[in-house]
>>> print(open('input.txt').read())   # compact mmCIF, C-alpha atoms
# COMPACT_ATOMS: atom_id res chain seq x y z
CA MET A 1 -18.23 -65.01 40.30
CA PRO A 2 -15.59 -66.87 38.22
CA LYS A 3 -12.15 -65.35 38.17
CA ASP A 4 -9.86 -65.30 35.16
CA PRO A 5 -7.19 -68.02 35.01
CA ILE A 6 -3.73 -66.98 36.13
CA GLU A 7 -0.97 -68.23 33.86
CA ALA A 8 2.78 -67.74 33.92
CA LYS A 9 5.77 -69.04 32.01
CA PHE A 10 9.02 -70.03 33.71
CA THR A 11 12.44 -71.06 32.45
CA ASN A 12 14.16 -74.27 33.50
CA GLY A 13 17.01 -72.40 35.20
CA ALA A 14 18.06 -72.22 38.82
CA ASP A 15 15.60 -69.38 39.48
CA ALA A 16 12.55 -71.47 38.50
CA LEU A 17 11.46 -72.43 42.02
CA PRO A 18 11.68 -68.93 43.54
CA ALA A 19 9.79 -67.54 40.55
CA VAL A 20 7.11 -70.23 40.90
CA SER A 21 6.82 -69.44 44.61
CA ARG A 22 6.15 -65.76 43.81
CA TYR A 23 3.59 -66.85 41.22
CA LEU A 24 1.81 -69.00 43.82
CA ASP A 25 1.73 -66.01 46.21
CA ARG A 26 -0.11 -64.10 43.48
CA VAL A 27 -2.45 -67.02 42.74
CA GLY A 28 -3.35 -67.39 46.41
CA ALA A 29 -4.14 -63.70 46.76
CA GLN A 30 -6.00 -63.20 43.47
CA LEU A 31 -8.10 -66.36 43.78
CA SER A 32 -8.60 -65.98 47.57
CA LEU A 33 -7.48 -69.54 48.16
CA PRO A 34 -7.83 -71.11 51.61
CA GLU A 35 -4.43 -71.43 53.31
CA GLY A 36 -4.58 -75.25 53.34
CA VAL A 37 -5.28 -75.39 49.60
CA LEU A 38 -2.37 -73.06 48.88
CA THR A 39 0.00 -75.01 51.14
CA ASP A 40 -0.88 -78.32 49.47
CA LEU A 41 -0.51 -76.69 46.05
CA ARG A 42 2.93 -75.33 46.96
CA ILE A 43 4.16 -78.77 48.01
CA ALA A 44 2.78 -80.45 44.89
CA ILE A 45 4.06 -77.78 42.49
CA ASP A 46 7.49 -77.77 44.13
CA GLU A 47 7.76 -81.52 43.53
CA VAL A 48 6.50 -81.35 39.95
CA VAL A 49 8.61 -78.35 38.91
CA THR A 50 11.75 -79.74 40.57
CA ASN A 51 11.35 -82.96 38.59
CA ILE A 52 10.69 -81.10 35.33
CA VAL A 53 13.71 -78.83 35.77
CA ASN A 54 16.03 -81.68 36.82
CA TYR A 55 14.91 -84.41 34.40
CA GLY A 56 12.75 -82.90 31.65
CA TRP A 57 15.45 -81.95 29.15
CA ALA A 58 18.72 -83.61 28.26
CA ASP A 59 20.07 -80.91 25.94
CA GLY A 60 21.12 -78.34 28.56
CA ALA A 61 19.35 -75.58 26.59
CA PRO A 62 16.88 -73.11 28.06
CA HIS A 63 13.27 -74.29 27.98
CA ASP A 64 9.95 -72.99 29.25
CA LEU A 65 7.27 -74.52 31.38
CA THR A 66 3.85 -73.00 31.91
CA ILE A 67 1.60 -73.11 34.95
CA ARG A 68 -2.05 -72.09 34.77
CA CYS A 69 -4.40 -71.94 37.76
CA SER A 70 -8.18 -71.68 37.28
CA LEU A 71 -11.18 -71.73 39.58
CA LEU A 72 -13.81 -74.01 38.07
CA GLU A 73 -17.08 -74.84 39.84
CA GLY A 74 -15.79 -75.23 43.39
CA ARG A 75 -12.37 -76.56 42.53
CA LEU A 76 -8.91 -75.27 41.70
CA GLU A 77 -7.42 -76.69 38.54
CA THR A 78 -3.69 -76.28 38.02
CA ARG A 79 -2.16 -77.26 34.69
CA ILE A 80 1.60 -77.62 34.28
CA GLU A 81 2.95 -77.96 30.73
CA ASP A 82 6.46 -78.45 29.39
CA ASP A 83 8.13 -79.53 26.15
CA GLY A 84 10.44 -82.00 27.86
CA VAL A 85 10.78 -85.70 27.17
CA ALA A 86 7.48 -87.55 27.39
CA TYR A 87 7.01 -88.66 30.98
CA ASP A 88 3.84 -89.75 32.73
CA PRO A 89 4.54 -89.50 36.47
CA LEU A 90 1.33 -91.41 37.19
CA ARG A 91 2.98 -94.56 35.85
CA THR A 92 5.45 -94.40 38.72
CA PRO A 93 4.73 -97.31 41.06
CA THR A 94 3.20 -96.37 44.39
CA PRO A 95 5.94 -96.68 47.02
CA ASP A 96 5.45 -99.00 49.96
CA VAL A 97 5.64 -96.41 52.72
CA HIS A 98 5.22 -99.13 55.34
CA ALA A 99 8.28 -101.11 54.27
CA PRO A 100 11.44 -100.78 56.38
CA MET A 101 13.67 -97.96 55.13
CA ALA A 102 16.39 -100.36 53.97
CA GLN A 103 13.90 -102.19 51.72
CA ARG A 104 12.27 -99.17 50.07
CA GLN A 105 12.86 -98.39 46.40
CA VAL A 106 14.42 -95.06 45.50
CA GLY A 107 12.03 -92.58 43.88
CA GLY A 108 8.29 -92.23 43.59
CA LEU A 109 7.70 -90.63 46.97
CA GLY A 110 7.18 -87.15 45.52
CA VAL A 111 4.54 -88.40 43.09
CA HIS A 112 2.93 -90.23 46.02
CA PHE A 113 2.71 -86.91 47.92
CA VAL A 114 1.23 -85.13 44.89
CA ARG A 115 -1.41 -87.84 44.48
CA ASN A 116 -2.35 -87.64 48.15
CA LEU A 117 -2.41 -83.85 48.41
CA MET A 118 -4.62 -83.34 45.35
CA SER A 119 -8.21 -84.41 44.75
CA GLY A 120 -7.22 -85.54 41.26
CA VAL A 121 -4.15 -85.80 39.07
CA ALA A 122 -4.19 -86.44 35.32
CA TYR A 123 -1.47 -86.64 32.67
CA GLU A 124 -1.62 -86.35 28.91
CA ARG A 125 0.81 -85.72 26.09
CA VAL A 126 -0.55 -82.98 23.84
CA ALA A 127 1.19 -81.62 20.72
CA GLY A 128 4.63 -82.72 21.92
CA ARG A 129 4.11 -81.34 25.42
CA ASN A 130 3.62 -82.94 28.83
CA ARG A 131 0.44 -81.72 30.53
CA LEU A 132 -0.13 -82.54 34.19
CA THR A 133 -3.43 -81.35 35.64
CA LEU A 134 -3.86 -81.12 39.40
CA THR A 135 -7.33 -80.69 40.87
CA GLN A 136 -8.23 -79.56 44.40
CA GLU A 137 -11.78 -79.50 45.72
CA LEU A 138 -12.28 -76.20 47.55
CA GLU A 139 -15.43 -77.02 49.52
CA ALA A 140 -13.65 -79.74 51.50
CA ALA A 141 -10.84 -77.30 52.32
CA LYS A 142 -13.00 -74.75 54.19
>>> encode(input="input.txt", output="structure tokens")
Amino acid sequence: MPKDPIEAKFTNGADALPAVSRYLDRVGAQLSLPEGVLTDLRIAIDEVVTNIVNYGWADGAPHDLTIRCSLLEGRLETRIEDDGVAYDPLRTPTPDVHAPMAQRQVGGLGVHFVRNLMSGVAYERVAGRNRLTLTQELEAAK
């Protein structure tokens, strides 16, 4: 039986990550997510939200970001939206994780983790908002 989406709004302040963590506790319990799915989601969301909070707005004013988790036909879909500067993280070059440390470029490793932890990642700019959609197949996680 489908369960209702779980959505929450967070501010871009210092308390964003702890509040998101509590939200993910609720998502895991209400949607009965397998532990591995929830762990991967936590890592991915931590990376995404950290980047949004640190780099999404240049004005120093309070802003909101929204996270919505839905179960859809055997997969978890998580949508993160913010009104920050337009930024498509999927355009970040894939880092060469096999290069010696001294030769590696700074940045991009978090997006690399998100791509590898999720079954799918999509970005779009909608009505002046960034929308990043993370998909996790649940059948493979059992």
>>> closest_residue(input="input.txt", among="A:Arg91, A:Arg68, A:Arg79, A:His112", to="Arg26 in chain A", atoms="only C-alpha atoms")
A:Arg68
>>> residues_around(input="input.txt", residues="Pro5 in chain A", least_positions_apart="3", cutoff="8 Å", atoms="all atoms listed in the file", output="list in words")
Arg68, Cys69, Ser70 and Leu71 of chain A
>>> closest_residue(input="input.txt", among="A:Ala122, A:Val49, A:Thr133, A:Leu138", to="Val20 in chain A", atoms="only C-alpha atoms")
A:Val49
>>> closest_residue(input="input.txt", among="A:Asn51, A:Thr78, A:Asn116, A:Thr92", to="Thr135 in chain A", atoms="all atoms listed in the file")
A:Thr78
>>> closest_residue(input="input.txt", among="A:Glu139, A:Leu132, A:Ile52, A:Asp25", to="Asp64 in chain A", atoms="only C-alpha atoms")
A:Ile52
>>> residues_around(input="input.txt", residues="Ile80 in chain A", least_positions_apart="3", cutoff="6 Å", atoms="only C-alpha atoms", output="PyMOL selection string")
chain A and resi 66-67+131-132
>>> atom_distance(input="input.txt", atom1="CA of Lys3 in chain A", atom2="CA of Arg22 in chain A")
19.2 Å
>>> closest_residue(input="input.txt", among="A:Glu124, A:Glu77, A:Asp83, A:Glu137", to="Ile6 in chain A", atoms="all atoms listed in the file")
A:Glu77
>>> residues_around(input="input.txt", residues="Leu24 in chain A", least_positions_apart="3", cutoff="8 Å", atoms="only C-alpha atoms", output="list of chain:residue names")
A:Val20, A:Ser21, A:Val27, A:Gly28, A:Leu38, A:Arg42
>>> closest_residue(input="input.txt", among="A:Thr39, A:Thr50, A:Ser32, A:Asn12", to="His63 in chain A", atoms="all atoms listed in the file")
A:Asn12
>>> residues_around(input="input.txt", residues="Val114 in chain A", least_positions_apart="5", cutoff="8 Å", atoms="only C-alpha atoms", output="PyMOL selection string")
chain A and resi 43-44+47+121
